[in-house]
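See structure below.
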Amino acid sequence: MAQGDQHMGDYEVRRFRAALPGEDGYDQTRAWIRAVGAGFYEKRRSDEYVAKSAGSLVADRREITGAYQKGPVPAGTLGPDVPVATFATFRKTLNVGYGVLVPAHLITAVTVRPSHRRRGLLRRLMSEDLTRAKNDGVAVAALTASEASIYRRFGFGVATAERRITVTTGARFRLAVPTDGRVESADPAVLLELAPRIFARVHRATPGSIDRQERYRLAAGGQWDRDGGEDAALRAALHFGPDGEPDGYVTYAFRGWEHEPYTIDVSDLVAATPEAYLALWDFLGSLDLIRRVSWAAAPVDDPLAWALEDPRVIHAEAGQDMLWLRILDVPAAIAARRYGADGELVLDVVDGLGLAGGRFRVRVEGGIAAVSNADGAPADLTVDVAELGSMYVGGVRATTLGEAGRIAQADPGAALAAERMFAVERPAHCSTHF
Ligand SMILES: CC(C)(COP(=O)(O)OP(=O)(O)OC[C@H]1O[C@@H](n2cnc3c(N)ncnc32)[C@H](O)[C@@H]1OP(=O)(O)O)[C@@H](O)C(=O)NCCC(=O)NCCS
């Protein structure tokens with residue numbers, strides 16, 4: 001019996017679509033949303049917040065999963081209608097490089113109530129869900145993690161990273177390159193319409209990008225602060241390209257006069273062109289009275305550092321895992337991408353969950369891969385499916401994974417060949433948390 005199996009008879013797993021207030025099933029949706037909040041140690045949410053959350057679950061067409069206690073529960077504890085474990089999925093596209101968007105199965109809202117942890121609930125929900133997604137024909141699953149130690153055992157690998165930066169502004173902040181276009185302050189409300197349009201361009205241009213859920217649009221538009229309410233502190237600026245069209249925005253808030261040095265916190269910085277990105281930074285760097293700009297979700301490979309006269313104005317924390325990818329179907333995932341170099345490799349893919357493993361010959365010609373079964377052939381590279389996920393959008397070098405002991409190569413050139421093949425046209429970056 002696998003660890004935790006002895007408890008599985010205690011629970012019933014229910015899958016359902018979110019309902020809106022007034023609709024059948026709203027009580028179940030409301031209890032599930034509150035359970036997710038409790039799982040992340042949030043304060044108890046108002047009815048208004050819960051109703052708004054339900055609206056965004058419906059807008060994203062999320063499938064909700066809850067595990068419920070069977071049988072009587074002790075008097076005075078949360079009732080059997082409150083799930084002890086939560087899990088949700090939805091589908092969005094993932095940019096896998098060279099402008100190719102593939103459907104991805106996104107996993108979110110993973111919580112298990114403290115008194116029901118370490119009984120195998122997460123393992124059960126995750127294994128069942130990944131199997132269903134694979135059977136549904138989706139080649140890649142994705143998530144963003146609260147802790148980096150949980151998901152590798154399920155075949156997820158870190159595919160992109162991000163880092164918190166604090167930038168000293170004022171006289172020391174000067175770009176060494178000219179910017180183009182024009183930046184203007186705007187009412188965040190205009191972003192309710194503009195943010196998805198601008199993000200769609202960013203998404204098509206950025207390997208590793210995941211399309212955004214409804215909540216981003218509401219947050220950019222000042223309608224979703226920390227508590228789901230109106231965000232009175234939020235400010236916005238738009239960048240207009242040479243054609244006069246908005247192609248970038250930044251939303252930000254002032255931390256307050258009691259915090260010195262006076263600081264701006266960036267909420268979201270979305271730029272469809274490198275020029276828009278630098279121009280928005282130029283705007284942030286020149287705000288009067290402000291001496292510091294802080295951004296928790298900056299790219300690790302950041303052109304800003306190379307564009308500044310004095311790159312030491314950037315104080316960066318170490319990069320942290322952001323997007324995790326899990327390949328569910330190796331031939332489909334590999335054939336969906338375009339490649340940076342031609343070549344041929346036999347990949348032996350190891351998958352502890354038995355979903356996607358096998359030996360595959362990958363032949364790339366003209367940037368397009370043909371994948372065939374290679375049973376019996378010697379492998380050039382042996383990789384866990386998690387490392388294949390890490391390499392998939394070009395976010396890590398195969399040679400680095402080799403040096404980390406995470407992939408085994410038959411000859412010393414195999415990792416380098418894989419690295420060249422899996423290279424993408426720009427640094428991989430995901431700016432969508434889910
Ligand atoms: C993380 C969490 C969902 C795990 O749920 P769970 O039902 O206790 O997990 P399981 O009993 O199914 O354990 C599955 C495996 O993950 C491991 N694991 C679980 N939580 C872990 C953690 N926080 N760190 C490292 N490993 C963890 C278990 O040891 C087990 O390993 P094994 O199967 O290889 O022996 C739960 O602890 C939780 O709700 N935490 C708070 C919210 C959170 O962090 N959610 C994740 C959001 S991305």
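Each chain in the structure tokens gets a letter, A, B, ..., in the order shown, and its residues are numbered from 1; ligands are numbered from 1 in order too.
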
Write out as CSV the residues of chain A that have any atom within 6 Å of an atom of ligand 1, one row each with the nearest atom pair and its distance in Å to one decimal, counting only C-alpha atoms and all ligand atoms, sorted by chain and then rising number.
```
residue,atom,partner,partner_atom_place_in_ligand_line,distance
A:Gly39,CA,ligand 1,42 (C),5.4
A:Phe40,CA,ligand 1,42 (C),5.4
A:Val110,CA,ligand 1,47 (C),4.8
A:Thr111,CA,ligand 1,39 (O),3.4
A:Val112,CA,ligand 1,39 (O),3.7
A:Arg113,CA,ligand 1,39 (O),5.9
A:Arg117,CA,ligand 1,8 (O),3.4
A:Arg118,CA,ligand 1,11 (O),3.1
A:Arg119,CA,ligand 1,11 (O),4.2
A:Gly120,CA,ligand 1,12 (O),3.2
A:Leu121,CA,ligand 1,7 (O),3.9
A:Leu122,CA,ligand 1,12 (O),3.5
A:Arg123,CA,ligand 1,12 (O),3.8
A:Ala145,CA,ligand 1,48 (S),3.8
A:Ser146,CA,ligand 1,48 (S),4.3
A:Ser149,CA,ligand 1,25 (C),4.6
A:Ile150,CA,ligand 1,26 (N),4.4
```

Give me, as CSV, each residue of stretch 45-81 of chain A that comes within 12 Å of stretch 225-245 of chain A, together with its shortest interatomic pair and the distance in Å at one decimal, counting only C-alpha atoms, with rows ordered by chain and rising residue number.
```
residue,atom,partner,partner_atom,distance
A:Arg45,CA,A:Asp227,CA,8.0
A:Ser46,CA,A:Asp227,CA,9.1
A:Asp47,CA,A:Gly228,CA,11.0
A:Glu48,CA,A:Gly228,CA,8.6
A:Tyr49,CA,A:Gly228,CA,5.7
A:Val50,CA,A:Gly228,CA,8.8
A:Ala51,CA,A:Gly228,CA,10.1
A:Lys52,CA,A:Gly228,CA,7.5
A:Ser53,CA,A:Gly228,CA,8.0
A:Ala54,CA,A:Gly228,CA,11.6
A:Gly55,CA,A:Gly228,CA,11.7
A:Ser56,CA,A:Gly228,CA,11.0
```

For the residues in the current selection, export C-alpha atoms as a PDB file, in the first residue's frame.
```pdb
ATOM      1  CA  ARG A  45     -13.005  37.029   3.279  1.00  0.00           C
ATOM      2  CA  SER A  46     -16.183  39.107   3.062  1.00  0.00           C
ATOM      3  CA  ASP A  47     -19.162  37.828   1.072  1.00  0.00           C
ATOM      4  CA  GLU A  48     -18.433  40.575  -1.460  1.00  0.00           C
ATOM      5  CA  TYR A  49     -14.856  39.361  -1.976  1.00  0.00           C
ATOM      6  CA  VAL A  50     -15.986  35.760  -2.335  1.00  0.00           C
ATOM      7  CA  ALA A  51     -18.604  36.725  -4.919  1.00  0.00           C
ATOM      8  CA  LYS A  52     -15.993  38.658  -6.910  1.00  0.00           C
ATOM      9  CA  SER A  53     -13.596  35.704  -6.732  1.00  0.00           C
ATOM     10  CA  ALA A  54     -16.340  33.430  -8.011  1.00  0.00           C
ATOM     11  CA  GLY A  55     -16.789  35.805 -10.953  1.00  0.00           C
ATOM     12  CA  SER A  56     -13.145  35.514 -11.900  1.00  0.00           C
TER      13      SER A  56
END
```

(message) At a cut-off of 8 Å, using only C-alpha atoms, what residues contact A:Ile327? Leave out same-chain residues fewer than 5 positions from it and give the result as a PyMOL selection string.
(response) chain A and resi 139-141+155-156+333+356+385-386+388-389

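Rounded to one decimal, atom CA of A:Gly208 and atom CA of A:Trp224 lie 25.3 Å from each other.
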
(request) Give the answer as one residue: which of A:Phe173, A:Phe16, A:Tyr26, A:Trp281 has the shortest atom-to-atom distance to A:Arg61, using only C-alpha atoms? (result)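 Among A:Phe173, A:Phe16, A:Tyr26, A:Trp281, it is A:Phe16 that comes nearest to A:Arg61.
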
(request) Taking the DSSP assignment computed from this structure's backbone, write out as a list in words all residues of stretch 1-52 of chain A that belong to alpha helix (DSSP H). (result)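 Restricting stretch 1-52 of chain A to alpha helix (DSSP H) produces Tyr26, Asp27, Gln28, Thr29, Arg30, Ala31, Trp32, Ile33, Arg34, Ala35, Val36, Gly37, Ala38, Gly39, Asp47, Glu48, Tyr49, Val50, Ala51 and Lys52 of chain A.
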
(message) Let me make sure I understand: among A:Pro21, A:Pro196, A:Pro103, A:Gly352, which one has the smallest atom-to-atom distance to A:Val270 if we use only C-alpha atoms?
(response) A:Pro196

(request) In Å, rounded to a single decimal, give me how far atom CA of A:Ala205 is from atom CA of A:Val364. (result)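 One can read the atom CA of A:Val364 to atom CA of A:Ala205 distance as 22.4 Å.
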
(request) Name the closest residue to A:Ala377 among the candidates A:Tyr392, A:Phe360, A:Phe154, A:Phe254; distances are taken between atoms, counting only C-alpha atoms. (result) A:Phe360

(request) Quick one: everything within 8 Å of A:Cys430, counting only C-alpha atoms, minus sequence neighbours fewer than 6 positions away in the same chain. Send it as an NGL selection string. (result) :A and (160-161 or 206-210 or 322-323)

(message) At a cut-off of 12 Å, using only C-alpha atoms, what residues contact A:Ala305? Leave out same-chain residues fewer than 4 positions from it and give the result as JSON, numbers by chain.
(response) {"A": [165, 167, 173, 174, 175, 176, 177, 278, 281, 298, 299, 300, 301, 309, 310, 311, 312, 313, 314, 315, 316]}

(request) List the neighbours of stretch 81-85 of chain A out to 12 Å using only C-alpha atoms; skip same-chain residues closer than 2 positions along the sequence, and give me the result as number ranges by chain. (result) A: 10-15, 25, 27-40, 64-73, 77-79, 87-88, 109-126

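Straight-line separation from atom CA of A:Ala418 to atom CA of A:Val96: 15.6 Å.
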
(request) Looking only at strand (DSSP E or B) from DSSP on the backbone, list the matching residues of stretch 56-274 of chain A as a ChimeraX atom specification. (result) /A:63-69,85-95,101-112,140-144,157-158,161-168,175,182-186,210,235-240,246-254,263-271
